[in-house]
$ cat data.cif   # mmCIF, C-alpha atoms
data_coords
loop_
_atom_site.label_atom_id
_atom_site.label_comp_id
_atom_site.auth_asym_id
_atom_site.auth_seq_id
_atom_site.Cartn_x
_atom_site.Cartn_y
_atom_site.Cartn_z
CA MET O 1 80.04 113.14 51.15
CA ALA O 2 78.51 111.40 48.10
CA ARG O 3 80.57 109.17 45.95
CA THR O 4 81.04 110.32 42.39
CA GLY O 5 79.88 108.10 39.56
CA SER O 6 76.93 106.61 41.57
CA PRO O 7 73.39 107.88 41.12
CA THR O 8 71.61 109.29 44.13
CA LEU O 9 68.12 108.22 45.33
CA ASP O 10 66.53 110.97 43.22
CA GLU O 11 68.59 109.99 40.24
CA ASN O 12 67.58 106.30 40.39
CA PRO O 13 65.86 105.51 37.11
CA ARG O 14 63.36 103.25 38.96
CA THR O 15 62.10 106.01 41.23
CA THR O 16 62.51 109.16 39.18
CA THR O 17 59.72 110.45 36.99
CA PRO O 18 60.44 112.23 33.76
CA PRO O 19 59.42 115.84 33.84
CA ASP O 20 56.86 115.56 31.07
CA ALA O 21 55.46 112.13 31.93
CA GLY O 22 52.34 113.47 33.70
CA PRO O 23 50.51 111.76 36.57
CA PRO O 24 50.63 107.97 36.91
CA ARG O 25 48.02 105.79 35.22
CA GLY O 26 44.84 105.51 37.23
CA TRP O 27 45.37 108.80 39.02
CA ARG O 28 43.14 111.72 38.45
CA VAL O 29 44.19 115.25 39.24
CA GLY O 30 41.46 117.29 40.75
CA ALA O 31 41.09 121.01 41.06
CA GLY O 32 43.89 122.53 43.07
CA ALA O 33 45.85 119.25 43.15
CA THR O 34 49.44 119.05 42.05
CA PRO O 35 50.73 116.08 40.09
CA PRO O 36 53.38 114.01 41.79
CA GLY O 37 56.05 115.21 39.47
CA ASP O 38 55.41 118.80 40.34
CA GLY O 39 56.40 118.45 44.00
CA GLY O 40 52.82 118.85 45.41
CA GLY O 41 50.72 116.47 47.70
CA VAL O 42 49.71 113.00 46.40
CA PRO O 43 45.87 112.54 46.20
CA PRO O 44 44.32 109.17 47.30
CA PRO O 45 43.58 106.84 44.40
CA GLU O 46 39.95 106.31 43.48
CA PRO O 47 39.08 102.71 42.47
CA GLU O 48 37.34 102.10 39.26
CA ALA O 49 33.57 101.38 39.52
CA PRO O 50 32.77 97.64 39.06
CA GLY O 51 30.83 96.62 36.01
CA LEU O 52 27.24 95.29 35.89
CA GLY O 53 28.34 91.66 35.53
CA GLU O 54 30.70 91.96 38.47
CA GLN O 55 27.94 93.47 40.61
CA ILE O 56 25.50 90.70 39.65
CA GLY O 57 28.09 88.06 40.47
CA ALA O 58 28.87 89.66 43.83
CA THR O 59 25.14 89.83 44.66
CA ARG O 60 24.69 86.19 43.65
CA ASP O 61 27.63 85.09 45.78
CA ALA O 62 26.33 87.07 48.76
CA GLY O 63 22.86 85.53 48.35
CA LYS O 64 24.34 82.03 48.08
CA ARG O 65 26.40 82.57 51.23
CA LEU O 66 23.30 83.88 53.04
CA PHE O 67 21.24 80.88 51.90
CA ASP O 68 24.00 78.47 52.95
CA ALA O 69 24.17 80.13 56.36
CA HIS O 70 20.41 79.78 56.85
CA LEU O 71 20.54 76.18 55.63
CA GLU O 72 23.29 75.29 58.07
CA LEU O 73 21.36 76.96 60.89
CA ALA O 74 18.21 75.02 59.97
CA LYS O 75 20.15 71.75 59.82
CA ALA O 76 21.65 72.36 63.23
CA GLU O 77 18.31 73.33 64.75
CA PHE O 78 16.45 70.38 63.19
CA GLY O 79 19.19 68.09 64.41
CA GLU O 80 18.68 69.33 67.94
CA ILE O 81 14.90 68.93 67.55
CA ALA O 82 15.35 65.37 66.23
CA ASP O 83 17.54 64.48 69.19
CA ALA O 84 14.95 65.93 71.56
CA VAL O 85 12.17 63.95 69.82
CA LYS O 86 14.19 60.74 70.03
CA ARG O 87 14.88 61.32 73.69
CA ALA O 88 11.21 62.09 74.41
CA ALA O 89 10.06 59.03 72.41
CA ALA O 90 12.47 56.81 74.31
CA LEU O 91 11.25 58.14 77.64
CA ILE O 92 7.60 57.77 76.61
CA GLY O 93 8.32 54.20 75.51
CA VAL O 94 9.87 53.47 78.88
CA ALA O 95 6.83 54.96 80.62
CA ILE O 96 4.38 52.93 78.51
CA GLY O 97 6.39 49.75 79.06
CA ALA O 98 6.46 50.36 82.78
CA ALA O 99 2.69 50.96 82.83
CA ILE O 100 2.03 47.75 80.87
CA PHE O 101 4.33 45.80 83.15
CA ALA O 102 2.58 47.25 86.19
CA GLY O 103 -0.80 46.24 84.78
CA LEU O 104 0.41 42.72 84.06
CA LEU O 105 1.96 42.52 87.49
CA VAL O 106 -1.33 43.47 89.11
CA ALA O 107 -3.40 41.21 86.86
CA ILE O 108 -1.15 38.20 87.44
CA GLY O 109 -0.01 38.86 90.97
CA THR O 110 -3.46 39.53 92.43
CA PRO O 111 -4.85 36.02 91.78
CA LEU O 112 -1.62 34.47 93.05
CA PHE O 113 -1.72 36.57 96.20
CA LEU O 114 -5.40 35.82 96.81
CA GLY O 115 -4.82 32.12 96.19
CA GLU O 116 -2.02 32.03 98.74
CA TRP O 117 -3.82 34.27 101.23
CA LEU O 118 -7.33 32.83 101.06
CA PHE O 119 -6.84 29.23 100.01
CA GLY O 120 -3.29 28.49 101.15
CA SER O 121 -1.69 27.85 97.75
CA ILE O 122 -0.57 29.84 94.73
CA GLY O 123 -1.84 26.99 92.56
CA TRP O 124 -5.40 27.84 93.52
CA GLY O 125 -4.76 31.42 92.43
CA ILE O 126 -3.57 30.25 89.02
CA LEU O 127 -6.51 27.85 88.56
CA LEU O 128 -9.17 30.27 89.74
CA GLY O 129 -7.67 33.14 87.76
CA LEU O 130 -7.72 31.00 84.62
CA LEU O 131 -11.34 30.00 85.21
CA LEU O 132 -12.30 33.62 85.85
CA MET O 133 -10.72 34.76 82.58
CA LEU O 134 -12.50 31.97 80.68
CA THR O 135 -15.77 32.99 82.31
CA ILE O 136 -15.30 36.61 81.26
CA ALA O 137 -14.44 35.52 77.71
CA VAL O 138 -17.53 33.32 77.39
CA ALA O 139 -19.78 35.99 78.92
CA ALA O 140 -18.42 38.61 76.51
CA GLY O 141 -19.04 36.26 73.59
CA VAL O 142 -22.59 35.63 74.76
CA LYS O 143 -23.32 39.36 75.00
CA ALA O 144 -21.75 39.98 71.58
CA LEU O 145 -23.93 37.32 69.91
CA ASP O 146 -27.00 37.99 72.02
CA ALA O 147 -29.44 39.04 69.32
CA SER O 148 -32.49 37.87 71.28
CA THR O 149 -33.75 38.31 74.83
CA SER O 150 -33.56 34.60 75.65
CA TRP O 151 -29.84 34.64 76.30
CA GLY O 152 -28.12 36.19 79.25
CA ILE O 153 -25.43 35.77 81.86
CA ALA O 154 -27.41 36.57 85.02
CA PRO O 155 -29.51 33.36 85.32
CA PRO O 156 -26.49 31.07 84.79
CA PHE O 157 -24.59 33.13 87.34
CA VAL O 158 -27.29 32.65 89.97
CA VAL O 159 -27.31 28.88 89.45
CA ALA O 160 -23.49 28.75 89.49
CA ALA O 161 -23.38 30.80 92.70
CA VAL O 162 -25.77 28.40 94.43
CA VAL O 163 -23.74 25.40 93.28
CA GLY O 164 -20.48 26.99 94.41
CA ILE O 165 -21.85 27.83 97.85
CA VAL O 166 -23.24 24.33 98.37
CA VAL O 167 -20.01 22.66 97.27
CA GLY O 168 -17.85 25.00 99.33
CA VAL O 169 -19.87 24.50 102.50
CA ALA O 170 -20.10 20.73 102.04
CA LEU O 171 -16.38 20.30 101.43
CA GLY O 172 -15.26 23.02 103.80
CA LEU O 173 -17.10 21.43 106.71
CA ASP O 174 -16.06 17.89 105.62
CA LEU O 175 -19.72 16.87 105.34
CA THR O 176 -19.11 14.52 102.41
CA ASN O 177 -16.17 12.87 104.14
CA ARG O 178 -18.22 12.32 107.24
CA GLY O 179 -21.08 10.88 105.19
CA TRP O 180 -18.86 8.38 103.36
CA THR O 181 -17.19 7.45 106.61
CA ALA O 182 -20.52 6.77 108.32
CA LEU O 183 -21.76 4.76 105.34
CA GLY O 184 -18.60 2.66 105.27
CA ASP O 185 -18.71 2.01 108.98
CA ALA O 186 -22.29 0.87 108.71
CA ALA O 187 -22.25 -1.22 105.50
CA PHE O 188 -18.60 -2.04 104.71
CA SER O 189 -16.96 -2.58 108.05
CA GLY O 190 -14.64 -5.20 106.56
CA LEU O 191 -12.67 -2.61 104.58
CA ASP O 192 -9.59 -0.83 105.94
CA PRO O 193 -10.83 2.14 108.00
CA SER O 194 -8.11 4.43 106.66
CA SER O 195 -9.11 3.92 103.00
CA ARG O 196 -12.74 2.91 103.47
CA PRO O 197 -14.32 6.31 102.60
CA LEU O 198 -12.13 6.73 99.51
CA VAL O 199 -12.75 3.24 98.13
CA LEU O 200 -16.45 3.40 98.81
CA ALA O 201 -16.91 6.88 97.30
CA ALA O 202 -14.75 6.31 94.20
CA GLY O 203 -16.28 2.89 93.45
CA SER O 204 -19.87 3.93 94.00
CA LEU O 205 -19.72 7.12 91.95
CA ALA O 206 -17.70 5.41 89.21
CA VAL O 207 -20.50 2.89 88.73
CA ILE O 208 -23.15 5.61 88.76
CA GLY O 209 -21.15 7.73 86.31
CA ALA O 210 -20.63 4.79 83.97
CA ILE O 211 -24.36 4.07 83.86
CA ILE O 212 -25.20 7.72 83.18
CA GLY O 213 -22.52 7.95 80.47
CA LEU O 214 -23.71 4.74 78.81
CA ILE O 215 -27.28 6.00 78.66
CA ALA O 216 -26.25 9.43 77.38
CA GLY O 217 -23.92 7.93 74.77
CA GLY O 218 -26.54 5.46 73.61
CA LEU O 219 -29.11 8.20 73.16
CA GLY O 220 -26.70 10.49 71.38
CA GLY O 221 -25.12 8.01 68.94
CA GLY O 222 -24.26 4.42 68.21
CA ALA O 223 -22.25 1.80 70.02
CA GLY O 224 -19.04 3.81 69.90
CA ALA O 225 -20.67 6.76 71.62
CA ALA O 226 -22.14 4.44 74.25
CA VAL O 227 -18.73 2.94 75.02
CA GLY O 228 -17.16 6.37 75.18
CA GLY O 229 -19.86 7.57 77.51
CA LEU O 230 -19.39 4.50 79.70
CA ILE O 231 -15.64 5.07 80.07
CA GLY O 232 -15.90 8.82 80.49
CA GLY O 233 -18.68 8.54 83.04
CA ALA O 234 -16.73 6.00 85.07
CA ILE O 235 -13.62 8.20 85.16
CA ALA O 236 -15.60 11.32 86.06
CA GLY O 237 -17.47 9.46 88.80
CA ALA O 238 -14.30 8.05 90.31
CA LEU O 239 -12.68 11.50 90.40
CA LEU O 240 -15.76 13.05 91.97
CA GLY O 241 -15.92 10.26 94.55
CA ALA O 242 -12.28 10.73 95.49
CA LEU O 243 -12.82 14.44 95.86
CA THR O 244 -15.84 14.04 98.12
CA ALA O 245 -14.15 11.39 100.25
CA ILE O 246 -11.22 13.61 101.24
CA ALA O 247 -11.37 15.84 104.30
CA THR O 248 -10.35 19.07 102.56
CA GLY O 249 -10.78 21.61 105.35
CA PRO O 250 -12.30 25.08 105.16
CA ARG O 251 -9.73 26.79 102.89
CA VAL O 252 -9.44 24.07 100.27
CA GLY O 253 -13.17 23.43 100.43
CA ALA O 254 -13.88 27.09 99.75
CA ALA O 255 -11.43 27.09 96.82
CA ILE O 256 -13.10 24.01 95.33
CA GLY O 257 -16.48 25.69 95.77
CA VAL O 258 -15.35 28.79 93.87
CA ALA O 259 -13.86 26.64 91.10
CA ALA O 260 -17.07 24.59 90.86
CA GLY O 261 -19.16 27.74 90.61
CA LEU O 262 -17.03 29.17 87.79
CA ILE O 263 -17.07 25.86 85.89
CA VAL O 264 -20.85 25.60 86.21
CA TRP O 265 -21.25 29.21 85.04
CA ILE O 266 -19.14 28.57 81.93
CA ALA O 267 -20.99 25.31 81.20
CA LEU O 268 -24.45 26.86 81.53
CA MET O 269 -23.58 29.77 79.22
CA ALA O 270 -22.12 27.36 76.67
CA VAL O 271 -25.22 25.17 76.84
CA ASP O 272 -27.39 28.23 76.40
CA ILE O 273 -25.45 29.18 73.26
CA VAL O 274 -25.76 25.67 71.81
CA ARG O 275 -29.45 25.43 72.66
CA HIS O 276 -30.49 28.73 71.10
CA GLY O 277 -27.94 28.77 68.31
CA VAL O 278 -26.83 31.84 66.40
CA ASP O 279 -29.38 33.63 64.27
CA THR O 280 -27.24 34.86 61.38
CA ASP O 281 -30.12 36.79 59.80
CA GLU O 282 -30.69 38.71 62.99
CA LEU O 283 -26.98 39.41 63.37
CA LYS O 284 -26.88 40.61 59.77
CA GLU O 285 -29.81 42.92 60.49
CA ARG O 286 -27.99 44.31 63.52
CA PHE O 287 -24.72 45.00 61.71
CA MET O 288 -25.99 45.99 58.25
CA PRO O 289 -27.29 49.54 57.49
CA ASP O 290 -30.51 48.24 55.92
CA ARG O 291 -32.44 51.50 56.30
CA THR O 292 -29.67 53.51 54.68
CA ILE O 293 -29.49 51.05 51.79
CA GLU O 294 -33.26 51.13 51.26
CA VAL O 295 -33.41 54.93 51.37
CA THR O 296 -30.51 55.14 48.92
CA LYS O 297 -32.27 52.77 46.52
CA GLU O 298 -35.47 54.80 46.75
CA THR O 299 -33.56 58.00 46.08
CA ILE O 300 -31.89 56.48 43.02
CA GLU O 301 -35.26 55.29 41.65
CA TRP O 302 -36.77 58.72 42.30
CA ALA O 303 -33.90 60.39 40.42
CA ARG O 304 -34.22 57.98 37.47
CA GLU O 305 -37.93 58.70 37.12
CA ARG O 306 -37.39 62.45 36.96
CA MET O 307 -34.15 62.42 34.93
CA PRO O 308 -34.40 59.51 32.49
CA LEU O 309 -31.21 58.61 30.72
CA SER O 310 -31.25 59.12 26.94
CA ARG O 311 -30.62 55.98 24.96
CA ARG O 312 -27.93 56.05 22.35
CA SER O 313 -28.95 54.94 18.86
#
$ encode --input "data.cif" --output "C-alpha cells"
Amino acid sequence: MARTGSPTLDENPRTTTPPDAGPPRGWRVGAGATPPGDGGGVPPPEPEAPGLGEQIGATRDAGKRLFDAHLELAKAEFGEIADAVKRAAALIGVAIGAAIFAGLLVAIGTPLFLGEWLFGSIGWGILLGLLLMLTIAVAAGVKALDASTSWGIAPPFVVAAVVGIVVGVALGLDLTNRGWTALGDAAFSGLDPSSRPLVLAAGSLAVIGAIIGLIAGGLGGGAGAAVGGLIGGAIAGALLGALTAIATGPRVGAAIGVAAGLIVWIALMAVDIVRHGVDTDELKERFMPDRTIEVTKETIEWARERMPLSRRS
C-alpha cells in the first residue's frame, strides 16, 4: 500500500521524462525504433566520429609508443650484446695472458733446467741463456746491416765452435790443471803444493797479459792508454790463469767451453762490424725507392714537355 503525499518511482522528477521532450541528446532514432518516452526498446548509443586532429594525435601517440617500444628492445638487446662482448674480451685476454706466460715460462725455464741438468747449476743456465740472447741480437743486427757480401755469421760461428770445443775439452779433462801442476812441480817445488798451480798460473798469465795490454795501449794511444792496457791486461791474465789452474771437472768444463764459444762468436761479429763499417749510401739505396722516384721524375718531365704551362702576364 503506497503512502499518500509521496511520489512514486515513476513520478520522481529526476527519472521521469516529459511527454513532449523527445529522445535524449546524443540518441538517434532509427527506422522502426521507439523513443524512450514512448515505452519502446532503447537503442544502443552511437559515439560521435573523432575529428581529423584527434585522429592525427592518436596516430602520432601510437607511433611514438611503437618507436619507444622498439627503442627499449634495442637497448636491452645491445646491452646483452655488450655484456657478451665484455665477457668474451675478458676471456680472450685471459687466454692471451696465459699464452704469453707459458712462452715466458718456457723461454726462461728451459735454460735454467738445462743449466741444472747438464752443468749442475742454475747459474750456468742464466749465464749461457744471457750469452745466447746477446749472440742472437748481434747476429740479427749484422744481417740487418749486411749490405755487402763480406759480412756474415757463419765464419765467426765456425771459429767460435772450435774455440768452445777446445776450451771445453781442456777444462773438462783437467788438462790445464795437470799442466800447471807438472810445471810447478818441476820448476817451483818450493811453493805450497796445494796452491802452487794457482799461484803459478795467475802470476804467469798476469805478466803476459800486462805486456800485451801495454803494447796494445801504446799502439792505440798515448801514455794513458798504455797504462790502462797494462792494468787491464794484468787483470785479464790473472783471471784466465786462475781459471785454467782449477780442476773444473767435465760438467763445469763443458759449461765454460760453451760460454767461451758464445763470447768468441759475439766478439768476432762485433769486430767484423767495426772493421767493415756501415755503408750508409748502400743502406740508403736498399731502403729508398730510387727507381720509382726516377721514373716519376721522367714522367713529370714528359708531361711538362707535352703540356706546357701558360705563363701569366
$ atom_distance --input "data.cif" --atom1 "CA of Lys143 in chain O" --atom2 "CA of Pro111 in chain O"
25.2 Å
$ residues_near_point --input "data.cif" --point "(-2.8, 30.5, 92.2)" --cutoff "9 Å" --atoms "only C-alpha atoms" --output "number ranges by chain"
O: 109, 111-116, 119, 121-129
$ residues_around --input "data.cif" --residues "Gly241 in chain O" --least-positions-apart "6" --cutoff "10 Å" --atoms "all atoms listed in the file" --output "PyMOL selection string"
chain O and resi 176-177+180+197-206+235
$ closest_residue --input "data.cif" --among "O:Leu145, O:Val169, O:Ser195, O:Leu239" --to "Lys284 in chain O" --atoms "only C-alpha atoms"
O:Leu145
$ atom_distance --input "data.cif" --atom1 "CA of Arg196 in chain O" --atom2 "CA of Val227 in chain O"
29.1 Å
$ closest_residue --input "data.cif" --among "O:Gly218, O:Leu171, O:Gly164, O:Ala144" --to "Arg286 in chain O" --atoms "all atoms listed in the file"
O:Ala144
$ atom_distance --input "data.cif" --atom1 "CA of Gly277 in chain O" --atom2 "CA of Ile215 in chain O"
25.0 Å
$ resolve_selection --input "data.cif" --expression "the PyMOL selection byres ((chain O and resi 141) around 12)" --output "NGL selection string"
:O and (134-140 or 142-147 or 151-153 or 266 or 269-270 or 272-273 or 278)
$ axis_aligned_box --input "data.cif" --around "range 196-210 of chain O" --padding-each-side "8 Å" --output "JSON"
{"center_x": -17.6, "center_y": 5.3, "center_z": 93.7, "size_x": 27.0, "size_y": 20.8, "size_z": 35.5}
$ decode --input "data.cif" --residues "range 169-285 of chain O" --atoms "C-alpha atoms" --output "PDB file, in the first residue's frame"
ATOM      1  CA  VAL O 169     137.799 -30.481 -23.614  1.00  0.00           C
ATOM      2  CA  ALA O 170     140.855 -28.896 -21.988  1.00  0.00           C
ATOM      3  CA  LEU O 171     138.978 -27.828 -18.870  1.00  0.00           C
ATOM      4  CA  GLY O 172     136.661 -30.808 -18.748  1.00  0.00           C
ATOM      5  CA  LEU O 173     139.571 -33.240 -18.706  1.00  0.00           C
ATOM      6  CA  ASP O 174     141.587 -31.008 -16.315  1.00  0.00           C
ATOM      7  CA  LEU O 175     144.409 -30.775 -18.866  1.00  0.00           C
ATOM      8  CA  THR O 176     145.341 -27.209 -17.905  1.00  0.00           C
ATOM      9  CA  ASN O 177     145.357 -28.056 -14.206  1.00  0.00           C
ATOM     10  CA  ARG O 178     147.596 -31.008 -14.826  1.00  0.00           C
ATOM     11  CA  GLY O 179     149.932 -28.894 -16.953  1.00  0.00           C
ATOM     12  CA  TRP O 180     150.303 -26.168 -14.318  1.00  0.00           C
ATOM     13  CA  THR O 181     150.780 -28.797 -11.640  1.00  0.00           C
ATOM     14  CA  ALA O 182     153.551 -30.517 -13.594  1.00  0.00           C
ATOM     15  CA  LEU O 183     155.248 -27.189 -14.337  1.00  0.00           C
ATOM     16  CA  GLY O 184     155.129 -26.164 -10.686  1.00  0.00           C
ATOM     17  CA  ASP O 185     156.478 -29.481  -9.502  1.00  0.00           C
ATOM     18  CA  ALA O 186     159.349 -29.211 -11.927  1.00  0.00           C
ATOM     19  CA  ALA O 187     160.342 -25.528 -11.632  1.00  0.00           C
ATOM     20  CA  PHE O 188     158.775 -24.178  -8.420  1.00  0.00           C
ATOM     21  CA  SER O 189     158.972 -27.008  -5.951  1.00  0.00           C
ATOM     22  CA  GLY O 190     159.452 -24.551  -3.081  1.00  0.00           C
ATOM     23  CA  LEU O 191     155.864 -23.302  -3.293  1.00  0.00           C
ATOM     24  CA  ASP O 192     152.990 -24.850  -1.334  1.00  0.00           C
ATOM     25  CA  PRO O 193     151.741 -27.839  -3.352  1.00  0.00           C
ATOM     26  CA  SER O 194     148.093 -27.028  -2.635  1.00  0.00           C
ATOM     27  CA  SER O 195     148.310 -23.509  -4.116  1.00  0.00           C
ATOM     28  CA  ARG O 196     151.254 -23.984  -6.456  1.00  0.00           C
ATOM     29  CA  PRO O 197     149.249 -24.372  -9.715  1.00  0.00           C
ATOM     30  CA  LEU O 198     147.039 -21.375  -8.916  1.00  0.00           C
ATOM     31  CA  VAL O 199     149.893 -19.035  -7.987  1.00  0.00           C
ATOM     32  CA  LEU O 200     151.989 -20.088 -10.934  1.00  0.00           C
ATOM     33  CA  ALA O 201     149.153 -19.792 -13.472  1.00  0.00           C
ATOM     34  CA  ALA O 202     147.756 -16.476 -12.193  1.00  0.00           C
ATOM     35  CA  GLY O 203     151.193 -14.848 -11.878  1.00  0.00           C
ATOM     36  CA  SER O 204     152.499 -16.029 -15.229  1.00  0.00           C
ATOM     37  CA  LEU O 205     149.441 -15.075 -17.248  1.00  0.00           C
ATOM     38  CA  ALA O 206     149.104 -11.757 -15.406  1.00  0.00           C
ATOM     39  CA  VAL O 207     152.599 -10.790 -16.538  1.00  0.00           C
ATOM     40  CA  ILE O 208     151.914 -11.917 -20.098  1.00  0.00           C
ATOM     41  CA  GLY O 209     148.592 -10.076 -20.166  1.00  0.00           C
ATOM     42  CA  ALA O 210     150.160  -6.895 -18.818  1.00  0.00           C
ATOM     43  CA  ILE O 211     152.815  -6.924 -21.539  1.00  0.00           C
ATOM     44  CA  ILE O 212     150.232  -7.496 -24.272  1.00  0.00           C
ATOM     45  CA  GLY O 213     147.975  -4.753 -22.870  1.00  0.00           C
ATOM     46  CA  LEU O 214     150.870  -2.300 -22.622  1.00  0.00           C
ATOM     47  CA  ILE O 215     151.842  -2.888 -26.237  1.00  0.00           C
ATOM     48  CA  ALA O 216     148.257  -2.654 -27.469  1.00  0.00           C
ATOM     49  CA  GLY O 217     147.600   0.505 -25.455  1.00  0.00           C
ATOM     50  CA  GLY O 218     150.815   2.124 -26.628  1.00  0.00           C
ATOM     51  CA  LEU O 219     149.980   1.446 -30.256  1.00  0.00           C
ATOM     52  CA  GLY O 220     146.416   2.642 -29.903  1.00  0.00           C
ATOM     53  CA  GLY O 221     147.009   5.874 -27.954  1.00  0.00           C
ATOM     54  CA  GLY O 222     149.245   7.773 -25.596  1.00  0.00           C
ATOM     55  CA  ALA O 223     150.580   7.073 -22.139  1.00  0.00           C
ATOM     56  CA  GLY O 224     147.139   6.866 -20.565  1.00  0.00           C
ATOM     57  CA  ALA O 225     146.054   4.161 -22.979  1.00  0.00           C
ATOM     58  CA  ALA O 226     149.284   2.254 -22.334  1.00  0.00           C
ATOM     59  CA  VAL O 227     148.728   2.329 -18.573  1.00  0.00           C
ATOM     60  CA  GLY O 228     145.126   1.261 -18.999  1.00  0.00           C
ATOM     61  CA  GLY O 229     146.170  -1.584 -21.248  1.00  0.00           C
ATOM     62  CA  LEU O 230     148.813  -2.652 -18.732  1.00  0.00           C
ATOM     63  CA  ILE O 231     146.328  -2.816 -15.854  1.00  0.00           C
ATOM     64  CA  GLY O 232     143.558  -4.404 -17.880  1.00  0.00           C
ATOM     65  CA  GLY O 233     145.875  -6.993 -19.374  1.00  0.00           C
ATOM     66  CA  ALA O 234     147.233  -7.935 -15.964  1.00  0.00           C
ATOM     67  CA  ILE O 235     143.732  -8.410 -14.515  1.00  0.00           C
ATOM     68  CA  ALA O 236     142.538 -10.420 -17.507  1.00  0.00           C
ATOM     69  CA  GLY O 237     145.652 -12.613 -17.402  1.00  0.00           C
ATOM     70  CA  ALA O 238     145.301 -13.291 -13.693  1.00  0.00           C
ATOM     71  CA  LEU O 239     141.647 -14.302 -14.110  1.00  0.00           C
ATOM     72  CA  LEU O 240     142.463 -16.560 -17.033  1.00  0.00           C
ATOM     73  CA  GLY O 241     145.325 -18.144 -15.086  1.00  0.00           C
ATOM     74  CA  ALA O 242     143.092 -18.832 -12.096  1.00  0.00           C
ATOM     75  CA  LEU O 243     140.504 -20.393 -14.357  1.00  0.00           C
ATOM     76  CA  THR O 244     142.994 -22.692 -16.056  1.00  0.00           C
ATOM     77  CA  ALA O 245     144.603 -23.716 -12.767  1.00  0.00           C
ATOM     78  CA  ILE O 246     141.379 -25.064 -11.252  1.00  0.00           C
ATOM     79  CA  ALA O 247     140.313 -28.663 -11.748  1.00  0.00           C
ATOM     80  CA  THR O 248     136.796 -27.933 -13.001  1.00  0.00           C
ATOM     81  CA  GLY O 249     135.584 -31.406 -13.950  1.00  0.00           C
ATOM     82  CA  PRO O 250     133.624 -32.449 -17.028  1.00  0.00           C
ATOM     83  CA  ARG O 251     130.335 -30.589 -16.370  1.00  0.00           C
ATOM     84  CA  VAL O 252     131.808 -27.240 -15.393  1.00  0.00           C
ATOM     85  CA  GLY O 253     134.455 -27.552 -18.094  1.00  0.00           C
ATOM     86  CA  ALA O 254     131.779 -28.119 -20.721  1.00  0.00           C
ATOM     87  CA  ALA O 255     129.802 -25.109 -19.449  1.00  0.00           C
ATOM     88  CA  ILE O 256     132.891 -22.905 -19.620  1.00  0.00           C
ATOM     89  CA  GLY O 257     133.552 -24.170 -23.142  1.00  0.00           C
ATOM     90  CA  VAL O 258     130.036 -23.229 -24.282  1.00  0.00           C
ATOM     91  CA  ALA O 259     130.350 -19.795 -22.661  1.00  0.00           C
ATOM     92  CA  ALA O 260     133.738 -19.240 -24.302  1.00  0.00           C
ATOM     93  CA  GLY O 261     132.353 -20.189 -27.696  1.00  0.00           C
ATOM     94  CA  LEU O 262     129.424 -17.763 -27.389  1.00  0.00           C
ATOM     95  CA  ILE O 263     131.697 -14.942 -26.211  1.00  0.00           C
ATOM     96  CA  VAL O 264     134.104 -15.518 -29.100  1.00  0.00           C
ATOM     97  CA  TRP O 265     131.202 -15.585 -31.573  1.00  0.00           C
ATOM     98  CA  ILE O 266     129.881 -12.242 -30.300  1.00  0.00           C
ATOM     99  CA  ALA O 267     133.376 -10.714 -30.327  1.00  0.00           C
ATOM    100  CA  LEU O 268     134.158 -11.841 -33.882  1.00  0.00           C
ATOM    101  CA  MET O 269     130.856 -10.478 -35.242  1.00  0.00           C
ATOM    102  CA  ALA O 270     131.436  -7.172 -33.451  1.00  0.00           C
ATOM    103  CA  VAL O 271     134.974  -6.955 -34.831  1.00  0.00           C
ATOM    104  CA  ASP O 272     133.652  -7.697 -38.294  1.00  0.00           C
ATOM    105  CA  ILE O 273     131.150  -4.843 -37.979  1.00  0.00           C
ATOM    106  CA  VAL O 274     133.835  -2.408 -36.803  1.00  0.00           C
ATOM    107  CA  ARG O 275     136.280  -3.494 -39.495  1.00  0.00           C
ATOM    108  CA  HIS O 276     133.904  -3.146 -42.431  1.00  0.00           C
ATOM    109  CA  GLY O 277     131.856  -0.272 -41.065  1.00  0.00           C
ATOM    110  CA  VAL O 278     128.380   0.679 -42.200  1.00  0.00           C
ATOM    111  CA  ASP O 279     127.943   1.895 -45.757  1.00  0.00           C
ATOM    112  CA  THR O 280     125.154   4.446 -45.361  1.00  0.00           C
ATOM    113  CA  ASP O 281     124.909   5.054 -49.111  1.00  0.00           C
ATOM    114  CA  GLU O 282     124.353   1.390 -49.760  1.00  0.00           C
ATOM    115  CA  LEU O 283     121.782   1.174 -46.969  1.00  0.00           C
ATOM    116  CA  LYS O 284     120.020   4.206 -48.414  1.00  0.00           C
ATOM    117  CA  GLU O 285     119.971   2.531 -51.818  1.00  0.00           C
TER     118      GLU O 285
END
